[in-house]
>>> print(open('final03.cif').read())   # mmCIF, C-alpha atoms
data_structure
loop_
_atom_site.group_PDB
_atom_site.id
_atom_site.type_symbol
_atom_site.label_atom_id
_atom_site.label_comp_id
_atom_site.auth_asym_id
_atom_site.auth_seq_id
_atom_site.Cartn_x
_atom_site.Cartn_y
_atom_site.Cartn_z
ATOM 1 C CA MET A 1 -1.416 7.825 -5.766
ATOM 2 C CA GLY A 2 0.009 10.198 -3.157
ATOM 3 C CA ASN A 3 2.346 9.728 -0.217
ATOM 4 C CA HIS A 4 1.636 6.468 1.628
ATOM 5 C CA GLU A 5 4.329 6.812 4.275
ATOM 6 C CA PRO A 6 1.995 6.976 7.307
ATOM 7 C CA GLU A 7 0.349 3.687 6.322
ATOM 8 C CA LEU A 8 3.681 2.051 5.514
ATOM 9 C CA LYS A 9 5.155 3.154 8.825
ATOM 10 C CA ALA A 10 2.177 1.735 10.725
ATOM 11 C CA PHE A 11 2.348 -1.550 8.799
ATOM 12 C CA TYR A 12 6.072 -2.119 9.341
ATOM 13 C CA ASP A 13 5.913 -1.056 12.990
ATOM 14 C CA ARG A 14 3.386 -3.835 13.542
ATOM 15 C CA GLN A 15 5.208 -6.407 11.398
ATOM 16 C CA ALA A 16 8.737 -5.852 12.739
ATOM 17 C CA PRO A 17 8.803 -8.761 15.245
ATOM 18 C CA ASP A 18 7.607 -11.255 12.614
ATOM 19 C CA ARG A 19 9.831 -9.815 9.891
ATOM 20 C CA ASP A 20 12.878 -10.184 12.137
ATOM 21 C CA LEU A 21 12.301 -13.957 12.133
ATOM 22 C CA ARG A 22 11.430 -14.291 8.436
ATOM 23 C CA ALA A 23 13.322 -16.818 6.302
ATOM 24 C CA ARG A 24 15.846 -15.280 3.921
ATOM 25 C CA ASP A 25 15.732 -15.428 0.121
ATOM 26 C CA PRO A 26 18.957 -17.291 -0.755
ATOM 27 C CA LYS A 27 19.202 -15.705 -4.213
ATOM 28 C CA ARG A 28 18.974 -12.229 -2.732
ATOM 29 C CA ASP A 29 21.602 -13.125 -0.166
ATOM 30 C CA GLU A 30 23.872 -14.321 -2.979
ATOM 31 C CA ALA A 31 23.357 -11.009 -4.796
ATOM 32 C CA ARG A 32 24.168 -9.119 -1.599
ATOM 33 C CA GLN A 33 27.378 -11.051 -1.035
ATOM 34 C CA ALA A 34 28.477 -10.415 -4.624
ATOM 35 C CA PHE A 35 27.733 -6.705 -4.139
ATOM 36 C CA ILE A 36 29.713 -6.647 -0.900
ATOM 37 C CA ALA A 37 32.646 -8.323 -2.643
ATOM 38 C CA SER A 38 32.554 -5.659 -5.356
ATOM 39 C CA LEU A 39 32.574 -2.887 -2.731
ATOM 40 C CA VAL A 40 35.537 -4.401 -0.913
ATOM 41 C CA ALA A 41 37.445 -4.811 -4.190
ATOM 42 C CA ALA A 42 36.757 -1.171 -5.120
ATOM 43 C CA HIS A 43 37.697 0.098 -1.623
ATOM 44 C CA ARG A 44 34.224 1.511 -1.047
ATOM 45 C CA HIS A 45 34.007 1.660 2.731
ATOM 46 C CA SER A 46 30.527 3.026 3.491
ATOM 47 C CA VAL A 47 27.011 1.982 2.523
ATOM 48 C CA LEU A 48 23.562 3.426 3.134
ATOM 49 C CA GLU A 49 20.645 1.009 3.232
ATOM 50 C CA ILE A 50 17.320 2.647 2.410
ATOM 51 C CA GLY A 51 14.580 0.614 4.035
ATOM 52 C CA CYS A 52 16.889 -1.217 6.424
ATOM 53 C CA GLY A 53 14.171 -3.276 8.064
ATOM 54 C CA THR A 54 15.348 -5.048 11.191
ATOM 55 C CA GLY A 55 18.976 -5.122 10.048
ATOM 56 C CA ALA A 56 19.571 -8.547 8.502
ATOM 57 C CA ASP A 57 21.497 -7.157 5.518
ATOM 58 C CA GLY A 58 23.243 -4.626 7.720
ATOM 59 C CA LEU A 59 24.944 -7.406 9.666
ATOM 60 C CA ALA A 60 26.470 -8.754 6.460
ATOM 61 C CA PHE A 61 27.858 -5.356 5.432
ATOM 62 C CA LYS A 62 29.258 -4.785 8.905
ATOM 63 C CA ALA A 63 30.869 -8.236 8.971
ATOM 64 C CA ALA A 64 32.700 -7.340 5.751
ATOM 65 C CA GLY A 65 34.208 -4.259 7.397
ATOM 66 C CA ILE A 66 31.995 -1.780 5.544
ATOM 67 C CA HIS A 67 30.674 1.140 7.582
ATOM 68 C CA TYR A 68 26.924 0.609 7.541
ATOM 69 C CA THR A 69 24.099 3.085 8.055
ATOM 70 C CA GLY A 70 20.435 2.153 7.767
ATOM 71 C CA VAL A 71 17.384 4.373 7.417
ATOM 72 C CA ASP A 72 13.761 3.271 7.727
ATOM 73 C CA LEU A 73 10.327 4.800 8.190
ATOM 74 C CA SER A 74 9.527 2.338 10.953
ATOM 75 C CA GLU A 75 10.688 3.135 14.468
ATOM 76 C CA GLU A 76 10.268 -0.535 15.381
ATOM 77 C CA ASN A 77 12.472 -1.666 12.493
ATOM 78 C CA VAL A 78 15.133 0.799 13.592
ATOM 79 C CA ARG A 79 14.858 -0.402 17.180
ATOM 80 C CA PHE A 80 15.495 -4.005 16.080
ATOM 81 C CA ALA A 81 18.428 -2.912 13.895
ATOM 82 C CA ARG A 82 20.002 -0.926 16.716
ATOM 83 C CA ALA A 83 19.618 -3.938 19.018
ATOM 84 C CA LYS A 84 21.999 -5.688 16.595
ATOM 85 C CA ASN A 85 24.530 -2.885 17.210
ATOM 86 C CA LEU A 86 23.876 -1.371 13.794
ATOM 87 C CA GLU A 87 23.804 2.334 13.066
ATOM 88 C CA ALA A 88 20.234 3.099 12.009
ATOM 89 C CA VAL A 89 17.974 6.144 12.004
ATOM 90 C CA VAL A 90 14.298 6.847 11.413
ATOM 91 C CA GLY A 91 13.818 8.790 8.208
ATOM 92 C CA SER A 92 12.229 9.060 4.779
ATOM 93 C CA VAL A 93 13.819 8.480 1.392
ATOM 94 C CA ARG A 94 11.952 11.582 0.283
ATOM 95 C CA GLU A 95 14.170 13.724 2.542
ATOM 96 C CA LEU A 96 17.202 11.784 3.718
ATOM 97 C CA PRO A 97 18.878 13.122 6.892
ATOM 98 C CA PHE A 98 22.406 13.034 5.481
ATOM 99 C CA ALA A 99 24.778 15.458 3.802
ATOM 100 C CA SER A 100 25.357 15.297 0.063
ATOM 101 C CA GLY A 101 27.972 12.808 -1.113
ATOM 102 C CA THR A 102 28.193 11.030 2.248
ATOM 103 C CA PHE A 103 28.134 7.379 1.172
ATOM 104 C CA SER A 104 30.274 5.446 -1.284
ATOM 105 C CA ALA A 105 27.491 2.913 -2.008
ATOM 106 C CA GLY A 106 23.767 2.329 -1.531
ATOM 107 C CA TRP A 107 21.553 -0.706 -0.998
ATOM 108 C CA THR A 108 17.742 -0.767 -1.133
ATOM 109 C CA MET A 109 15.707 -3.963 -1.335
ATOM 110 C CA SER A 110 11.915 -4.108 -1.746
ATOM 111 C CA THR A 111 11.569 -0.480 -0.675
ATOM 112 C CA LEU A 112 11.312 1.711 -3.774
ATOM 113 C CA LEU A 113 8.352 -0.374 -4.951
ATOM 114 C CA HIS A 114 6.365 1.602 -2.357
ATOM 115 C CA ILE A 115 7.046 4.851 -4.276
ATOM 116 C CA PRO A 116 4.489 5.906 -6.925
ATOM 117 C CA ASP A 117 5.883 6.463 -10.401
ATOM 118 C CA GLN A 118 4.954 10.158 -10.207
ATOM 119 C CA ASP A 119 7.316 10.564 -7.229
ATOM 120 C CA LEU A 120 10.075 8.153 -8.208
ATOM 121 C CA SER A 121 12.285 10.627 -10.067
ATOM 122 C CA ASP A 122 12.409 13.000 -7.082
ATOM 123 C CA VAL A 123 13.113 10.093 -4.705
ATOM 124 C CA LEU A 124 15.946 8.809 -6.888
ATOM 125 C CA ALA A 125 17.419 12.309 -7.159
ATOM 126 C CA GLU A 126 17.376 12.545 -3.349
ATOM 127 C CA THR A 127 18.985 9.104 -3.077
ATOM 128 C CA MET A 128 21.720 10.030 -5.529
ATOM 129 C CA ARG A 129 22.302 13.288 -3.649
ATOM 130 C CA VAL A 130 23.662 11.472 -0.584
ATOM 131 C CA LEU A 131 25.883 9.141 -2.651
ATOM 132 C CA ALA A 132 29.377 10.029 -3.812
ATOM 133 C CA GLU A 133 30.226 10.399 -7.496
ATOM 134 C CA GLY A 134 30.498 6.999 -9.145
ATOM 135 C CA ALA A 135 28.761 5.242 -6.255
ATOM 136 C CA PRO A 136 26.793 2.069 -7.051
ATOM 137 C CA LEU A 137 23.232 1.756 -5.772
ATOM 138 C CA ALA A 138 21.947 -1.829 -5.627
ATOM 139 C CA VAL A 139 18.168 -2.041 -6.073
ATOM 140 C CA GLY A 140 15.706 -4.893 -5.597
ATOM 141 C CA LEU A 141 12.043 -4.739 -6.661
ATOM 142 C CA TRP A 142 9.070 -7.005 -7.260
ATOM 143 C CA SER A 143 7.928 -7.150 -10.881
ATOM 144 C CA GLY A 144 4.475 -6.409 -12.234
ATOM 145 C CA ASP A 145 2.592 -5.126 -15.245
ATOM 146 C CA ASP A 146 3.066 -1.419 -14.466
ATOM 147 C CA GLU A 147 0.247 -1.435 -11.937
ATOM 148 C CA GLU A 148 -0.094 0.732 -8.827
ATOM 149 C CA VAL A 149 -2.287 -0.848 -6.172
ATOM 150 C CA ILE A 150 -3.176 -1.056 -2.511
ATOM 151 C CA VAL A 151 -2.838 -4.791 -1.892
ATOM 152 C CA ALA A 152 -6.150 -6.403 -1.053
ATOM 153 C CA HIS A 153 -4.816 -8.968 1.394
ATOM 154 C CA ASP A 154 -1.873 -8.127 3.609
ATOM 155 C CA ASP A 155 -0.414 -9.571 6.799
ATOM 156 C CA PHE A 156 -1.414 -6.518 8.836
ATOM 157 C CA GLU A 157 -3.429 -3.357 8.413
ATOM 158 C CA PRO A 158 -3.187 -0.772 6.985
ATOM 159 C CA ASN A 159 -2.602 -2.479 3.649
ATOM 160 C CA ARG A 160 0.457 -1.401 1.675
ATOM 161 C CA PHE A 161 0.798 0.524 -1.577
ATOM 162 C CA TYR A 162 2.829 -1.132 -4.341
ATOM 163 C CA SER A 163 4.095 0.082 -7.692
ATOM 164 C CA ARG A 164 4.954 -3.091 -9.607
ATOM 165 C CA ARG A 165 6.856 -2.338 -12.777
ATOM 166 C CA ARG A 166 7.801 -4.195 -15.944
ATOM 167 C CA ASP A 167 11.501 -4.858 -16.504
ATOM 168 C CA ASP A 168 11.694 -2.355 -19.364
ATOM 169 C CA THR A 169 9.931 0.291 -17.280
ATOM 170 C CA VAL A 170 12.408 -0.208 -14.447
ATOM 171 C CA ARG A 171 15.353 0.136 -16.802
ATOM 172 C CA ARG A 172 13.926 3.346 -18.254
ATOM 173 C CA LEU A 173 12.952 5.045 -14.980
ATOM 174 C CA PHE A 174 16.134 4.191 -13.095
ATOM 175 C CA GLY A 175 18.301 4.793 -16.163
ATOM 176 C CA GLU A 176 17.375 8.477 -15.994
ATOM 177 C CA HIS A 177 19.508 8.726 -12.841
ATOM 178 C CA GLY A 178 22.562 6.643 -13.674
ATOM 179 C CA LEU A 179 23.965 3.703 -15.575
ATOM 180 C CA VAL A 180 21.870 0.563 -15.046
ATOM 181 C CA SER A 181 23.937 -2.631 -15.082
ATOM 182 C CA GLY A 182 23.824 -6.216 -13.877
ATOM 183 C CA PHE A 183 20.058 -6.461 -14.367
ATOM 184 C CA THR A 184 18.990 -9.943 -13.276
ATOM 185 C CA THR A 185 15.696 -11.544 -12.267
ATOM 186 C CA TRP A 186 14.584 -14.697 -10.529
ATOM 187 C CA ASP A 187 11.164 -16.237 -9.981
ATOM 188 C CA ARG A 188 9.599 -16.611 -6.574
ATOM 189 C CA PRO A 189 7.444 -19.772 -6.632
ATOM 190 C CA GLY A 190 3.838 -19.232 -5.709
ATOM 191 C CA THR A 191 3.874 -15.470 -6.270
ATOM 192 C CA GLY A 192 3.416 -15.255 -10.033
ATOM 193 C CA ARG A 193 6.097 -12.565 -10.011
ATOM 194 C CA HIS A 194 9.832 -12.292 -10.305
ATOM 195 C CA TYR A 195 12.384 -10.293 -8.365
ATOM 196 C CA GLN A 196 14.380 -7.609 -10.157
ATOM 197 C CA PHE A 197 17.931 -6.892 -9.008
ATOM 198 C CA PHE A 198 20.280 -4.367 -10.613
ATOM 199 C CA ILE A 199 22.882 -1.669 -10.011
ATOM 200 C CA VAL A 200 22.471 2.033 -10.773
ATOM 201 C CA THR A 201 25.805 3.863 -10.820
ATOM 202 C CA LYS A 202 25.755 7.574 -10.049
ATOM 203 C CA PRO A 203 27.469 9.624 -12.772
#
>>> encode(input="final03.cif", output="structure tokens")
Amino acid sequence: MGNHEPELKAFYDRQAPDRDLRARDPKRDEARQAFIASLVAAHRHSVLEIGCGTGADGLAFKAAGIHYTGVDLSEENVRFARAKNLEAVVGSVRELPFASGTFSAGWTMSTLLHIPDQDLSDVLAETMRVLAEGAPLAVGLWSGDDEEVIVAHDDFEPNRFYSRRRDDTVRRLFGEHGLVSGFTTWDRPGTGRHYQFFIVTKP
């Protein structure tokens, strides 16, 4: 399906002001707080968020005393995150602007679903490159029946690319890059889909 980053950047640049005001998913916030607690307990003091958006999750990591860095395709998202006094940079998960082994943990919600299956292995290898040995990467995705689509109706144009994967497909693809654990799902009413949340630990 190719690289859809230009369209994604344009979409999220336009949506940033609305997204900054969007209501939170309480179940995802609960998962984030449990992840933060696990990082604090394990003395993991730095986290990279891939697809940081406008910085809502970043504030929670920072409040817990974890050194937070966000990266996002969208300059507008990064501008909103920086306005919250968060460290954030414009960049692509395909070529992260960080040295190898920099971060002791990773967090990426609803971002890697924009990566086609044919590119996912390379993207995960690049993600793992910037994490330290044994680092946990928390991942959130929207489920689907292994379909890759440009959504027909979106909030803004250009419409976004999605790769929506079955639970077993997610376990297999991500399991090629680390130990998958804590795999949980929850339904989102009205969507016909569920959210997938799990940890991939770098060997």
>>> residues_around(input="final03.cif", residues="Phe197 (chain A)", least_positions_apart="6", cutoff="9 Å", atoms="all atoms listed in the file", output="ChimeraX atom specification")
/A:28,31,109,138-141,182-186
>>> atom_distance(input="final03.cif", atom1="CA of Lys202 (chain A)", atom2="CA of Ile36 (chain A)")
17.4 Å
>>> residues_around(input="final03.cif", residues="Val130 (chain A)", least_positions_apart="2", cutoff="7 Å", atoms="all atoms listed in the file", output="JSON, numbers by chain")
{"A": [98, 99, 100, 101, 102, 103, 126, 127, 128, 132]}
>>> write_last_selection(input="final03.cif", atoms="C-alpha atoms", output="short mmCIF file (atom, residue, chain, number, x, y, z; two decimals), in the frame of the given file")
data_model
loop_
_atom_site.label_atom_id
_atom_site.label_comp_id
_atom_site.auth_asym_id
_atom_site.auth_seq_id
_atom_site.Cartn_x
_atom_site.Cartn_y
_atom_site.Cartn_z
CA PHE A 98 22.41 13.03 5.48
CA ALA A 99 24.78 15.46 3.80
CA SER A 100 25.36 15.30 0.06
CA GLY A 101 27.97 12.81 -1.11
CA THR A 102 28.19 11.03 2.25
CA PHE A 103 28.13 7.38 1.17
CA GLU A 126 17.38 12.54 -3.35
CA THR A 127 18.98 9.10 -3.08
CA MET A 128 21.72 10.03 -5.53
CA ALA A 132 29.38 10.03 -3.81
#
>>> atom_distance(input="final03.cif", atom1="CA of Ile66 (chain A)", atom2="CA of Gln33 (chain A)")
12.3 Å
>>> atom_distance(input="final03.cif", atom1="CA of Gly178 (chain A)", atom2="CA of Leu86 (chain A)")
28.6 Å
>>> resolve_selection(input="final03.cif", expression="the PyMOL selection byres ((chain A and resi 35) around 10)", output="ChimeraX atom specification")
/A:29-34,36-41,61,105,107,136-138,199
>>> closest_residue(input="final03.cif", among="A:Ser143, A:Ser46, A:Thr108, A:Ser121", to="Val71 (chain A)", atoms="all atoms listed in the file")
A:Thr108
>>> closest_residue(input="final03.cif", among="A:His43, A:Lys27, A:Arg160, A:Arg82", to="Arg188 (chain A)", atoms="all atoms listed in the file")
A:Lys27
>>> residues_around(input="final03.cif", residues="Thr69 (chain A)", least_positions_apart="6", cutoff="7 Å", atoms="all atoms listed in the file", output="list in words")
Val47, Leu48, Glu49, Glu87 and Ala88 of chain A
>>> closest_residue(input="final03.cif", among="A:Pro26, A:Gly192, A:Pro158, A:Gly70", to="Val90 (chain A)", atoms="all atoms listed in the file")
A:Gly70
>>> residues_near_point(input="final03.cif", point="(32.8, 9.1, -9.0)", cutoff="9 Å", atoms="all atoms listed in the file", output="number ranges by chain")
A: 104, 132-135, 201-203
>>> residues_around(input="final03.cif", residues="region 11-19 of chain A", least_positions_apart="4", cutoff="12 Å", atoms="all atoms listed in the file", output="number ranges by chain")
A: 4-7, 23-24, 51-56, 72-81, 90, 111, 154-161
>>> build_atoms(input="final03.cif", residues="region 71-105 of chain A", atoms="N, CA and C atoms", output="mmCIF file, in the coordinates of the input")
data_model
loop_
_atom_site.group_PDB
_atom_site.id
_atom_site.type_symbol
_atom_site.label_atom_id
_atom_site.label_comp_id
_atom_site.auth_asym_id
_atom_site.auth_seq_id
_atom_site.Cartn_x
_atom_site.Cartn_y
_atom_site.Cartn_z
ATOM 1 N N VAL A 71 18.460 3.417 7.185
ATOM 2 C CA VAL A 71 17.384 4.373 7.417
ATOM 3 C C VAL A 71 16.070 3.675 7.093
ATOM 4 N N ASP A 72 15.053 3.934 7.904
ATOM 5 C CA ASP A 72 13.761 3.271 7.727
ATOM 6 C C ASP A 72 12.665 4.157 8.291
ATOM 7 N N LEU A 73 11.481 4.070 7.675
ATOM 8 C CA LEU A 73 10.327 4.800 8.190
ATOM 9 C C LEU A 73 9.897 4.297 9.558
ATOM 10 N N SER A 74 10.073 2.998 9.776
ATOM 11 C CA SER A 74 9.527 2.338 10.953
ATOM 12 C C SER A 74 10.441 2.463 12.170
ATOM 13 N N GLU A 75 9.923 3.043 13.233
ATOM 14 C CA GLU A 75 10.688 3.135 14.468
ATOM 15 C C GLU A 75 10.979 1.746 15.042
ATOM 16 N N GLU A 76 10.053 0.817 14.870
ATOM 17 C CA GLU A 76 10.268 -0.535 15.381
ATOM 18 C C GLU A 76 11.372 -1.244 14.601
ATOM 19 N N ASN A 77 11.383 -1.085 13.277
ATOM 20 C CA ASN A 77 12.472 -1.666 12.493
ATOM 21 C C ASN A 77 13.820 -1.128 12.959
ATOM 22 N N VAL A 78 13.883 0.181 13.161
ATOM 23 C CA VAL A 78 15.133 0.799 13.592
ATOM 24 C C VAL A 78 15.530 0.301 14.978
ATOM 25 N N ARG A 79 14.555 0.106 15.840
ATOM 26 C CA ARG A 79 14.858 -0.402 17.180
ATOM 27 C C ARG A 79 15.474 -1.805 17.098
ATOM 28 N N PHE A 80 14.929 -2.666 16.248
ATOM 29 C CA PHE A 80 15.495 -4.005 16.080
ATOM 30 C C PHE A 80 16.902 -3.926 15.494
ATOM 31 N N ALA A 81 17.106 -3.046 14.513
ATOM 32 C CA ALA A 81 18.428 -2.912 13.895
ATOM 33 C C ALA A 81 19.456 -2.423 14.909
ATOM 34 N N ARG A 82 19.075 -1.443 15.710
ATOM 35 C CA ARG A 82 20.002 -0.926 16.716
ATOM 36 C C ARG A 82 20.326 -1.980 17.774
ATOM 37 N N ALA A 83 19.363 -2.858 18.056
ATOM 38 C CA ALA A 83 19.618 -3.938 19.018
ATOM 39 C C ALA A 83 20.684 -4.900 18.506
ATOM 40 N N LYS A 84 20.929 -4.891 17.195
ATOM 41 C CA LYS A 84 21.999 -5.688 16.595
ATOM 42 C C LYS A 84 23.307 -4.897 16.523
ATOM 43 N N ASN A 85 23.352 -3.769 17.195
ATOM 44 C CA ASN A 85 24.530 -2.885 17.210
ATOM 45 C C ASN A 85 24.822 -2.300 15.829
ATOM 46 N N LEU A 86 23.751 -2.023 15.089
ATOM 47 C CA LEU A 86 23.876 -1.371 13.794
ATOM 48 C C LEU A 86 23.512 0.101 13.930
ATOM 49 N N GLU A 87 24.158 0.920 13.119
ATOM 50 C CA GLU A 87 23.804 2.334 13.066
ATOM 51 C C GLU A 87 22.566 2.481 12.188
ATOM 52 N N ALA A 88 21.479 2.958 12.757
ATOM 53 C CA ALA A 88 20.234 3.099 12.009
ATOM 54 C C ALA A 88 19.453 4.285 12.544
ATOM 55 N N VAL A 89 18.748 4.966 11.630
ATOM 56 C CA VAL A 89 17.974 6.144 12.004
ATOM 57 C C VAL A 89 16.594 6.069 11.360
ATOM 58 N N VAL A 90 15.636 6.725 11.988
ATOM 59 C CA VAL A 90 14.298 6.847 11.413
ATOM 60 C C VAL A 90 14.316 7.999 10.420
ATOM 61 N N GLY A 91 13.827 7.743 9.213
ATOM 62 C CA GLY A 91 13.818 8.790 8.208
ATOM 63 C C GLY A 91 13.129 8.340 6.942
ATOM 64 N N SER A 92 12.927 9.288 6.040
ATOM 65 C CA SER A 92 12.229 9.060 4.779
ATOM 66 C C SER A 92 13.183 9.222 3.603
ATOM 67 N N VAL A 93 13.020 8.363 2.609
ATOM 68 C CA VAL A 93 13.819 8.480 1.392
ATOM 69 C C VAL A 93 13.473 9.746 0.626
ATOM 70 N N ARG A 94 12.338 10.341 0.946
ATOM 71 C CA ARG A 94 11.952 11.582 0.283
ATOM 72 C C ARG A 94 12.777 12.777 0.782
ATOM 73 N N GLU A 95 13.339 12.653 1.971
ATOM 74 C CA GLU A 95 14.170 13.724 2.542
ATOM 75 C C GLU A 95 15.165 13.063 3.493
ATOM 76 N N LEU A 96 16.240 12.554 2.931
ATOM 77 C CA LEU A 96 17.202 11.784 3.718
ATOM 78 C C LEU A 96 18.001 12.699 4.652
ATOM 79 N N PRO A 97 18.207 12.276 5.904
ATOM 80 C CA PRO A 97 18.878 13.122 6.892
ATOM 81 C C PRO A 97 20.396 13.011 6.859
ATOM 82 N N PHE A 98 20.964 13.168 5.650
ATOM 83 C CA PHE A 98 22.406 13.034 5.481
ATOM 84 C C PHE A 98 22.905 14.117 4.531
ATOM 85 N N ALA A 99 24.169 14.474 4.690
ATOM 86 C CA ALA A 99 24.778 15.458 3.802
ATOM 87 C C ALA A 99 25.010 14.868 2.413
ATOM 88 N N SER A 100 25.112 15.731 1.435
ATOM 89 C CA SER A 100 25.357 15.297 0.063
ATOM 90 C C SER A 100 26.705 14.583 -0.041
ATOM 91 N N GLY A 101 26.735 13.521 -0.839
ATOM 92 C CA GLY A 101 27.972 12.808 -1.113
ATOM 93 C C GLY A 101 28.531 12.014 0.050
ATOM 94 N N THR A 102 27.701 11.673 1.033
ATOM 95 C CA THR A 102 28.193 11.030 2.248
ATOM 96 C C THR A 102 28.643 9.594 2.039
ATOM 97 N N PHE A 103 27.929 8.831 1.233
ATOM 98 C CA PHE A 103 28.134 7.379 1.172
ATOM 99 C C PHE A 103 28.757 6.941 -0.146
ATOM 100 N N SER A 104 29.615 5.930 -0.069
ATOM 101 C CA SER A 104 30.274 5.446 -1.284
ATOM 102 C C SER A 104 29.498 4.326 -1.958
ATOM 103 N N ALA A 105 28.345 3.923 -1.382
ATOM 104 C CA ALA A 105 27.491 2.913 -2.008
ATOM 105 C C ALA A 105 26.117 2.976 -1.361
#
